[in-house]
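**Q** Pasting structure_5.cif below, which is mmCIF, C-alpha atoms.
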```
data_run
loop_
_atom_site.label_atom_id
_atom_site.label_comp_id
_atom_site.auth_asym_id
_atom_site.auth_seq_id
_atom_site.Cartn_x
_atom_site.Cartn_y
_atom_site.Cartn_z
CA MET A 12 72.10 105.03 45.62
CA ILE A 13 70.17 102.81 43.21
CA LYS A 14 67.28 102.33 45.65
CA ASP A 15 66.64 106.08 45.73
CA THR A 16 66.69 106.30 41.93
CA ILE A 17 64.24 103.40 41.67
CA TYR A 18 61.93 104.98 44.25
CA LYS A 19 61.97 108.31 42.42
CA ASP A 20 61.21 106.58 39.10
CA LEU A 21 58.43 104.60 40.75
CA LEU A 22 56.80 107.77 42.10
CA SER A 23 56.95 109.24 38.61
CA GLU A 24 55.66 106.07 36.90
CA LEU A 25 52.73 105.70 39.32
CA LYS A 26 51.93 109.37 39.96
CA ASP A 27 48.42 108.90 38.55
CA LYS A 28 47.96 105.47 40.17
CA PRO A 29 47.86 106.09 43.94
CA ASN A 30 46.37 102.67 44.72
CA ARG A 31 49.12 100.86 42.82
CA LEU A 32 51.75 102.94 44.62
CA LYS A 33 50.10 102.06 47.93
CA HIS A 34 50.22 98.39 46.87
CA VAL A 35 53.93 98.55 46.00
CA ILE A 36 54.76 100.22 49.33
CA GLY A 37 52.64 97.56 51.08
CA VAL A 38 54.59 94.81 49.28
CA ARG A 39 57.87 96.46 50.30
CA ASP A 40 56.88 96.78 53.95
CA THR A 41 55.57 93.20 54.09
CA ALA A 42 58.69 91.86 52.38
CA LEU A 43 60.92 93.67 54.87
CA GLU A 44 59.01 92.09 57.78
CA PHE A 45 59.52 88.63 56.27
CA GLY A 46 63.13 89.53 55.49
CA GLU A 47 63.85 90.27 59.14
CA LYS A 48 62.15 87.05 60.20
CA TYR A 49 64.16 84.92 57.74
CA LYS A 50 67.39 86.97 58.04
CA LEU A 51 67.52 87.95 54.36
CA ASP A 52 69.24 90.91 52.73
CA LEU A 53 66.70 93.69 53.29
CA GLU A 54 68.08 95.94 50.57
CA GLU A 55 67.70 93.20 47.96
CA LEU A 56 64.12 92.58 49.08
CA GLU A 57 63.31 96.27 49.00
CA ILE A 58 64.68 96.70 45.47
CA ALA A 59 62.74 93.65 44.24
CA ALA A 60 59.54 94.91 45.87
CA LEU A 61 59.92 98.43 44.43
CA LEU A 62 60.56 97.08 40.91
CA HIS A 63 58.06 94.20 40.75
CA ASP A 64 55.23 96.31 39.25
CA ILE A 65 57.28 99.12 37.64
CA THR A 66 55.95 98.20 34.17
CA LYS A 67 52.44 97.25 35.32
CA TYR A 68 50.80 100.02 33.29
CA TYR A 69 52.87 99.66 30.16
CA THR A 70 50.74 98.80 27.17
CA THR A 71 50.87 95.27 25.79
CA LYS A 72 52.83 96.70 22.86
CA GLN A 73 55.39 98.32 25.19
CA ASN A 74 55.75 95.13 27.23
CA LYS A 75 56.21 93.05 24.09
CA GLU A 76 58.82 95.44 22.68
CA ILE A 77 60.88 95.09 25.86
CA ILE A 78 60.40 91.30 25.96
CA ASP A 79 61.26 90.96 22.25
CA SER A 80 64.46 92.93 22.78
CA TYR A 81 65.71 90.62 25.51
CA PHE A 82 64.18 87.12 25.55
CA GLU A 83 64.74 84.50 22.88
CA GLU A 84 61.65 82.31 23.30
CA THR A 85 59.13 85.12 22.95
CA GLU A 86 56.53 83.02 21.11
CA ARG A 87 56.48 80.61 24.03
CA ILE A 88 56.06 83.50 26.50
CA TYR A 89 53.12 84.95 24.54
CA GLU A 90 51.53 81.53 24.11
CA TYR A 91 51.75 80.50 27.77
CA TYR A 92 51.37 83.78 29.67
CA ASN A 93 48.38 86.07 29.44
CA GLU A 94 48.85 89.81 28.96
CA LYS A 95 48.28 90.60 32.65
CA ILE A 96 51.48 88.74 33.52
CA LEU A 97 53.79 90.26 30.89
CA HIS A 98 54.84 93.08 33.23
CA ALA A 99 56.85 90.53 35.26
CA PHE A 100 59.03 89.89 32.21
CA SER A 101 59.42 93.55 31.23
CA ALA A 102 60.13 94.60 34.85
CA TYR A 103 62.85 91.92 34.97
CA VAL A 104 64.45 93.38 31.83
CA LEU A 105 64.19 96.95 33.16
CA ALA A 106 65.80 95.90 36.45
CA LYS A 107 68.69 94.36 34.55
CA GLU A 108 69.16 96.84 31.74
CA LYS A 109 68.09 100.21 33.18
CA TYR A 110 69.07 99.74 36.83
CA ASN A 111 71.99 97.36 36.26
CA ILE A 112 70.69 94.86 38.82
CA LYS A 113 72.88 91.78 38.82
CA SER A 114 71.52 89.88 41.81
CA GLY A 115 69.75 86.69 40.76
CA GLU A 116 67.65 86.86 43.93
CA ILE A 117 66.24 90.26 42.96
CA LEU A 118 65.77 89.40 39.29
CA ASN A 119 64.10 86.03 39.90
CA SER A 120 61.86 87.53 42.57
CA ILE A 121 60.62 90.10 40.05
CA LEU A 122 60.22 87.54 37.26
CA ASN A 123 58.27 85.05 39.40
CA HIS A 124 56.16 87.36 41.54
CA THR A 125 52.90 86.80 39.64
CA ILE A 126 52.50 83.01 39.56
CA GLY A 127 55.53 81.58 41.29
CA ARG A 128 57.48 78.55 40.14
CA PRO A 129 58.59 75.22 41.60
CA ASN A 130 61.37 75.37 44.21
CA MET A 131 61.54 79.13 44.67
CA SER A 132 64.32 80.66 46.75
CA MET A 133 63.32 82.30 50.04
CA TYR A 134 63.62 85.72 48.37
CA GLU A 135 61.23 84.66 45.59
CA LYS A 136 58.76 83.23 48.11
CA VAL A 137 58.88 86.40 50.21
CA ILE A 138 58.16 88.70 47.24
CA PHE A 139 55.49 86.33 45.91
CA ILE A 140 53.70 86.13 49.28
CA SER A 141 54.19 89.84 50.03
CA ASP A 142 52.58 90.69 46.68
CA TYR A 143 49.67 88.38 47.50
CA THR A 144 49.11 89.40 51.12
CA GLU A 145 50.18 93.03 51.55
CA PRO A 146 47.79 94.91 53.90
CA ASN A 147 45.86 96.77 51.17
CA ARG A 148 44.60 93.48 49.76
CA THR A 149 41.51 92.21 51.52
CA TYR A 150 39.97 89.41 49.44
CA ASP A 151 39.26 86.12 51.24
CA SER A 152 42.19 84.10 49.91
CA CYS A 153 44.60 86.92 50.75
CA VAL A 154 43.37 87.10 54.36
CA LYS A 155 43.64 83.31 54.69
CA VAL A 156 47.13 83.16 53.14
CA ARG A 157 48.32 86.08 55.31
CA GLU A 158 47.48 84.03 58.42
CA ILE A 159 49.14 80.87 57.07
CA ALA A 160 52.30 82.83 56.14
CA LYS A 161 52.86 83.75 59.78
CA ASN A 162 53.75 80.12 60.51
CA ASN A 163 54.60 78.37 57.23
CA ILE A 164 55.67 80.23 54.11
CA ASP A 165 55.64 77.08 51.94
CA GLU A 166 52.04 76.34 52.90
CA ALA A 167 51.20 79.98 52.19
CA VAL A 168 52.80 79.72 48.73
CA PHE A 169 50.90 76.51 47.99
CA THR A 170 47.58 77.97 49.14
CA ALA A 171 48.06 81.18 47.14
CA ILE A 172 48.90 79.25 43.97
CA ASP A 173 46.10 76.72 44.49
CA ASP A 174 43.49 79.43 45.17
CA SER A 175 44.67 81.45 42.15
CA ILE A 176 44.51 78.47 39.81
CA LYS A 177 40.99 77.63 40.97
CA PHE A 178 39.92 81.27 40.63
CA TYR A 179 41.26 81.69 37.08
CA GLU A 180 40.05 78.24 35.99
CA ALA A 181 36.53 79.28 37.03
CA LEU A 182 36.90 82.40 34.84
CA GLY A 183 38.17 80.27 31.93
CA GLU A 184 41.43 82.27 31.76
CA LEU A 185 44.79 81.10 30.47
CA ILE A 186 46.90 79.65 33.28
CA PRO A 187 50.57 79.02 32.57
CA LEU A 188 51.78 75.45 32.93
CA ILE A 189 54.40 76.62 35.43
CA ALA A 190 51.60 77.52 37.88
CA TYR A 191 50.44 73.88 37.88
CA GLU A 192 54.04 72.70 38.23
CA ALA A 193 54.54 75.05 41.18
CA ARG A 194 51.34 73.84 42.83
CA HIS A 195 52.43 70.22 42.38
CA PHE A 196 55.90 70.97 43.80
CA TYR A 197 54.59 72.66 46.96
CA ARG A 198 51.82 70.11 47.45
CA LYS A 199 54.44 67.34 47.37
CA LEU A 200 56.81 69.29 49.60
CA LEU A 201 54.13 69.76 52.24
CA GLU A 202 53.19 66.09 52.18
CA VAL A 203 56.74 65.02 53.03
CA PRO A 204 56.78 64.14 56.75
CA HIS A 205 59.17 66.23 58.83
CA ASP A 206 61.26 64.76 61.65
#
```
Please express what this file holds, its structure, as structure tokens.
**A**
Amino acid sequence: MIKDTIYKDLLSELKDKPNRLKHVIGVRDTALEFGEKYKLDLEELEIAALLHDITKYYTTKQNKEIIDSYFEETERIYEYYNEKILHAFSAYVLAKEKYNIKSGEILNSILNHTIGRPNMSMYEKVIFISDYTEPNRTYDSCVKVREIAKNNIDEAVFTAIDDSIKFYEALGELIPLIAYEARHFYRKLLEVPHD
């Protein structure tokens, strides 16, 4: 079963990184809770959660080699995304090429887990929020977003993106345009009155 292979590879990849492994398991467990709540395919969520950080500790060179071998617009990727985010792209490629994952829900959830995007599917939102709020994370925004997510996943997504943008702006770090687009999308979505 592919899930077992992925889990075994993950244990090997993160054998010297117990905190990262704990994080990935936390993301998986959180995603499965959301999956039950929203009646999603739990196996797809579990695979996405297990793979989302599989290349987290690859060097920049390793990440770029994988990205160069698969994506066409690599210059755009390197221009708009800082090095800390490149693992989302390489993990996406690994999921597709090494593990033969064909599900768009899994692949897009892996690709967009770091900063989100406008109009994410429920699977993407669940992995994004699970990554942000899993129980081992304790910073203020995470605690706040975890509470919001219990009642409104779109508001949780907006708050996580908004807080992250403000945090990285204050540090003067590169923030991809898609993060601003995602924030705008969810801000607008939340302002639409519901019947």
**Q** Show me, as a PyMOL selection string, the residues that have an atom within 12 Å of A:Ile176 when counting all atoms listed in the file, minus same-chain residues fewer than 5 positions from it.
**A** chain A and resi 125-127+152+169-171+181-195
**Q** Go ahead and write the selection's residues with C-alpha atoms as an mmCIF file, in the coordinates of the input.
**A**
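File written: out.cif
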```
data_model
loop_
_atom_site.group_PDB
_atom_site.id
_atom_site.type_symbol
_atom_site.label_atom_id
_atom_site.label_comp_id
_atom_site.auth_asym_id
_atom_site.auth_seq_id
_atom_site.Cartn_x
_atom_site.Cartn_y
_atom_site.Cartn_z
ATOM 1 C CA THR A 125 52.900 86.800 39.640
ATOM 2 C CA ILE A 126 52.500 83.010 39.560
ATOM 3 C CA GLY A 127 55.530 81.580 41.290
ATOM 4 C CA SER A 152 42.190 84.100 49.910
ATOM 5 C CA PHE A 169 50.900 76.510 47.990
ATOM 6 C CA THR A 170 47.580 77.970 49.140
ATOM 7 C CA ALA A 171 48.060 81.180 47.140
ATOM 8 C CA ALA A 181 36.530 79.280 37.030
ATOM 9 C CA LEU A 182 36.900 82.400 34.840
ATOM 10 C CA GLY A 183 38.170 80.270 31.930
ATOM 11 C CA GLU A 184 41.430 82.270 31.760
ATOM 12 C CA LEU A 185 44.790 81.100 30.470
ATOM 13 C CA ILE A 186 46.900 79.650 33.280
ATOM 14 C CA PRO A 187 50.570 79.020 32.570
ATOM 15 C CA LEU A 188 51.780 75.450 32.930
ATOM 16 C CA ILE A 189 54.400 76.620 35.430
ATOM 17 C CA ALA A 190 51.600 77.520 37.880
ATOM 18 C CA TYR A 191 50.440 73.880 37.880
ATOM 19 C CA GLU A 192 54.040 72.700 38.230
ATOM 20 C CA ALA A 193 54.540 75.050 41.180
ATOM 21 C CA ARG A 194 51.340 73.840 42.830
ATOM 22 C CA HIS A 195 52.430 70.220 42.380
#
```
**Q** Show me, as number ranges by chain, the residues that have an atom within 10 Å of stretch 93-99 of chain A when counting only C-alpha atoms, minus same-chain residues fewer than 3 positions from it.
**A** A: 62-71, 73-75, 77-78, 88-90, 102-105, 118-126, 184-187
**Q** Kindly give the distance, in Å, that separates atom CA of A:Val156 and atom CA of A:Asp174, rounded to a single decimal.
**A**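 Separation of atom CA of A:Val156 and atom CA of A:Asp174: 9.5 Å.
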**Q** For the interface of stretch 107-158 of chain A with stretch 13-24 of chain A (cut-off 12 Å, counting only C-alpha atoms), please tabulate each contacting residue of stretch 107-158 of chain A alongside its nearest pair of atoms and their separation in Å to one decimal, rows sorted by chain and increasing number, as a tab-separated table.
**A**
```
residue	atom	partner	partner_atom	distance
A:Lys109	CA	A:Ile17	CA	9.9
A:Tyr110	CA	A:Ile13	CA	7.2
A:Asn111	CA	A:Ile13	CA	9.0
A:Ile112	CA	A:Ile13	CA	9.1
```
**Q** Within 7 Å of stretch 28-40 of chain A, counting all atoms listed in the file, which residues show up once you throw out same-chain ones fewer than 6 positions away? Write them as an MDAnalysis selection string, please.
**A** chainID A and resid 57 60:61 141:142 145:147
**Q** Skipping near chain neighbours, those fewer than 6 positions away, what residues fall within 8 Å of A:Val168 using only C-alpha atoms, listed as an mmCIF file with C-alpha atoms, in the frame of the given file?
**A**
```
data_model
loop_
_atom_site.group_PDB
_atom_site.id
_atom_site.type_symbol
_atom_site.label_atom_id
_atom_site.label_comp_id
_atom_site.auth_asym_id
_atom_site.auth_seq_id
_atom_site.Cartn_x
_atom_site.Cartn_y
_atom_site.Cartn_z
ATOM 1 C CA LYS A 136 58.760 83.230 48.110
ATOM 2 C CA PHE A 139 55.490 86.330 45.910
ATOM 3 C CA ILE A 140 53.700 86.130 49.280
ATOM 4 C CA VAL A 156 47.130 83.160 53.140
ATOM 5 C CA TYR A 197 54.590 72.660 46.960
#
```
**Q** Calculated over all atoms listed in the file, which of the candidates A:Lys161, A:Glu202, A:Ile117, A:Phe196 has the smallest distance to A:Asn130?
**A**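 Among A:Lys161, A:Glu202, A:Ile117, A:Phe196, it is A:Phe196 that comes nearest to A:Asn130.
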**Q** Report, in Å to a single decimal, how far apart atom CA of A:Glu47 and atom CA of A:Arg157 are.
**A**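 One can read the atom CA of A:Arg157 to atom CA of A:Glu47 distance as 16.5 Å.
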**Q** For a test of reading the model, state the distance in Å between atom CA of A:Arg198 and atom CA of A:Ile164, rounded to one decimal.
**A** 12.7 Å
**Q** Missing atoms in stretch 13-33 of chain A should be modelled up to N, CA, C and O atoms and reported as a PDB file, in the frame of the given file.
**A**
```pdb
ATOM      1  N   ILE A  13      71.122 103.337  44.199  1.00  0.00           N
ATOM      2  CA  ILE A  13      70.170 102.810  43.210  1.00  0.00           C
ATOM      3  C   ILE A  13      68.736 102.743  43.749  1.00  0.00           C
ATOM      4  O   ILE A  13      67.778 103.013  43.037  1.00  0.00           O
ATOM      5  N   LYS A  14      68.611 102.428  45.036  1.00  0.00           N
ATOM      6  CA  LYS A  14      67.280 102.330  45.650  1.00  0.00           C
ATOM      7  C   LYS A  14      66.534 103.662  45.561  1.00  0.00           C
ATOM      8  O   LYS A  14      65.337 103.699  45.288  1.00  0.00           O
ATOM      9  N   ASP A  15      67.254 104.747  45.795  1.00  0.00           N
ATOM     10  CA  ASP A  15      66.640 106.080  45.730  1.00  0.00           C
ATOM     11  C   ASP A  15      66.202 106.430  44.313  1.00  0.00           C
ATOM     12  O   ASP A  15      65.127 106.998  44.096  1.00  0.00           O
ATOM     13  N   THR A  16      67.029 106.081  43.342  1.00  0.00           N
ATOM     14  CA  THR A  16      66.690 106.300  41.930  1.00  0.00           C
ATOM     15  C   THR A  16      65.440 105.520  41.555  1.00  0.00           C
ATOM     16  O   THR A  16      64.522 106.048  40.910  1.00  0.00           O
ATOM     17  N   ILE A  17      65.402 104.258  41.963  1.00  0.00           N
ATOM     18  CA  ILE A  17      64.240 103.400  41.670  1.00  0.00           C
ATOM     19  C   ILE A  17      62.984 104.000  42.305  1.00  0.00           C
ATOM     20  O   ILE A  17      61.927 104.084  41.667  1.00  0.00           O
ATOM     21  N   TYR A  18      63.094 104.427  43.547  1.00  0.00           N
ATOM     22  CA  TYR A  18      61.930 104.980  44.250  1.00  0.00           C
ATOM     23  C   TYR A  18      61.425 106.239  43.550  1.00  0.00           C
ATOM     24  O   TYR A  18      60.220 106.420  43.366  1.00  0.00           O
ATOM     25  N   LYS A  19      62.347 107.085  43.126  1.00  0.00           N
ATOM     26  CA  LYS A  19      61.970 108.310  42.420  1.00  0.00           C
ATOM     27  C   LYS A  19      61.268 107.971  41.094  1.00  0.00           C
ATOM     28  O   LYS A  19      60.235 108.550  40.752  1.00  0.00           O
ATOM     29  N   ASP A  20      61.824 107.012  40.363  1.00  0.00           N
ATOM     30  CA  ASP A  20      61.210 106.580  39.100  1.00  0.00           C
ATOM     31  C   ASP A  20      59.834 105.972  39.331  1.00  0.00           C
ATOM     32  O   ASP A  20      58.906 106.176  38.553  1.00  0.00           O
ATOM     33  N   LEU A  21      59.708 105.222  40.410  1.00  0.00           N
ATOM     34  CA  LEU A  21      58.430 104.600  40.750  1.00  0.00           C
ATOM     35  C   LEU A  21      57.371 105.662  41.038  1.00  0.00           C
ATOM     36  O   LEU A  21      56.243 105.571  40.551  1.00  0.00           O
ATOM     37  N   LEU A  22      57.738 106.667  41.800  1.00  0.00           N
ATOM     38  CA  LEU A  22      56.800 107.770  42.100  1.00  0.00           C
ATOM     39  C   LEU A  22      56.348 108.453  40.818  1.00  0.00           C
ATOM     40  O   LEU A  22      55.174 108.800  40.665  1.00  0.00           O
ATOM     41  N   SER A  23      57.277 108.610  39.888  1.00  0.00           N
ATOM     42  CA  SER A  23      56.950 109.240  38.610  1.00  0.00           C
ATOM     43  C   SER A  23      56.048 108.323  37.766  1.00  0.00           C
ATOM     44  O   SER A  23      55.043 108.771  37.210  1.00  0.00           O
ATOM     45  N   GLU A  24      56.405 107.053  37.700  1.00  0.00           N
ATOM     46  CA  GLU A  24      55.660 106.070  36.900  1.00  0.00           C
ATOM     47  C   GLU A  24      54.226 105.905  37.416  1.00  0.00           C
ATOM     48  O   GLU A  24      53.287 105.727  36.638  1.00  0.00           O
ATOM     49  N   LEU A  25      54.042 105.977  38.730  1.00  0.00           N
ATOM     50  CA  LEU A  25      52.730 105.700  39.320  1.00  0.00           C
ATOM     51  C   LEU A  25      52.052 106.951  39.886  1.00  0.00           C
ATOM     52  O   LEU A  25      51.155 106.856  40.705  1.00  0.00           O
ATOM     53  N   LYS A  26      52.475 108.125  39.400  1.00  0.00           N
ATOM     54  CA  LYS A  26      51.930 109.370  39.960  1.00  0.00           C
ATOM     55  C   LYS A  26      50.409 109.481  39.799  1.00  0.00           C
ATOM     56  O   LYS A  26      49.752 110.101  40.623  1.00  0.00           O
ATOM     57  N   ASP A  27      49.871 108.867  38.751  1.00  0.00           N
ATOM     58  CA  ASP A  27      48.420 108.900  38.550  1.00  0.00           C
ATOM     59  C   ASP A  27      47.735 107.615  39.018  1.00  0.00           C
ATOM     60  O   ASP A  27      46.565 107.381  38.713  1.00  0.00           O
ATOM     61  N   LYS A  28      48.496 106.769  39.715  1.00  0.00           N
ATOM     62  CA  LYS A  28      47.960 105.470  40.170  1.00  0.00           C
ATOM     63  C   LYS A  28      48.232 105.306  41.669  1.00  0.00           C
ATOM     64  O   LYS A  28      49.034 104.473  42.083  1.00  0.00           O
ATOM     65  N   PRO A  29      47.568 106.122  42.495  1.00  0.00           N
ATOM     66  CA  PRO A  29      47.860 106.090  43.940  1.00  0.00           C
ATOM     67  C   PRO A  29      47.627 104.721  44.592  1.00  0.00           C
ATOM     68  O   PRO A  29      48.357 104.335  45.500  1.00  0.00           O
ATOM     69  N   ASN A  30      46.632 103.987  44.123  1.00  0.00           N
ATOM     70  CA  ASN A  30      46.370 102.670  44.720  1.00  0.00           C
ATOM     71  C   ASN A  30      47.476 101.674  44.403  1.00  0.00           C
ATOM     72  O   ASN A  30      47.840 100.841  45.232  1.00  0.00           O
ATOM     73  N   ARG A  31      48.011 101.765  43.191  1.00  0.00           N
ATOM     74  CA  ARG A  31      49.120 100.860  42.820  1.00  0.00           C
ATOM     75  C   ARG A  31      50.359 101.225  43.635  1.00  0.00           C
ATOM     76  O   ARG A  31      51.065 100.347  44.106  1.00  0.00           O
ATOM     77  N   LEU A  32      50.596 102.513  43.817  1.00  0.00           N
ATOM     78  CA  LEU A  32      51.750 102.940  44.620  1.00  0.00           C
ATOM     79  C   LEU A  32      51.596 102.434  46.055  1.00  0.00           C
ATOM     80  O   LEU A  32      52.548 101.915  46.650  1.00  0.00           O
ATOM     81  N   LYS A  33      50.384 102.556  46.583  1.00  0.00           N
ATOM     82  CA  LYS A  33      50.100 102.060  47.930  1.00  0.00           C
ATOM     83  C   LYS A  33      50.373 100.548  48.002  1.00  0.00           C
ATOM     84  O   LYS A  33      50.924 100.043  48.975  1.00  0.00           O
TER      85      LYS A  33
END
```
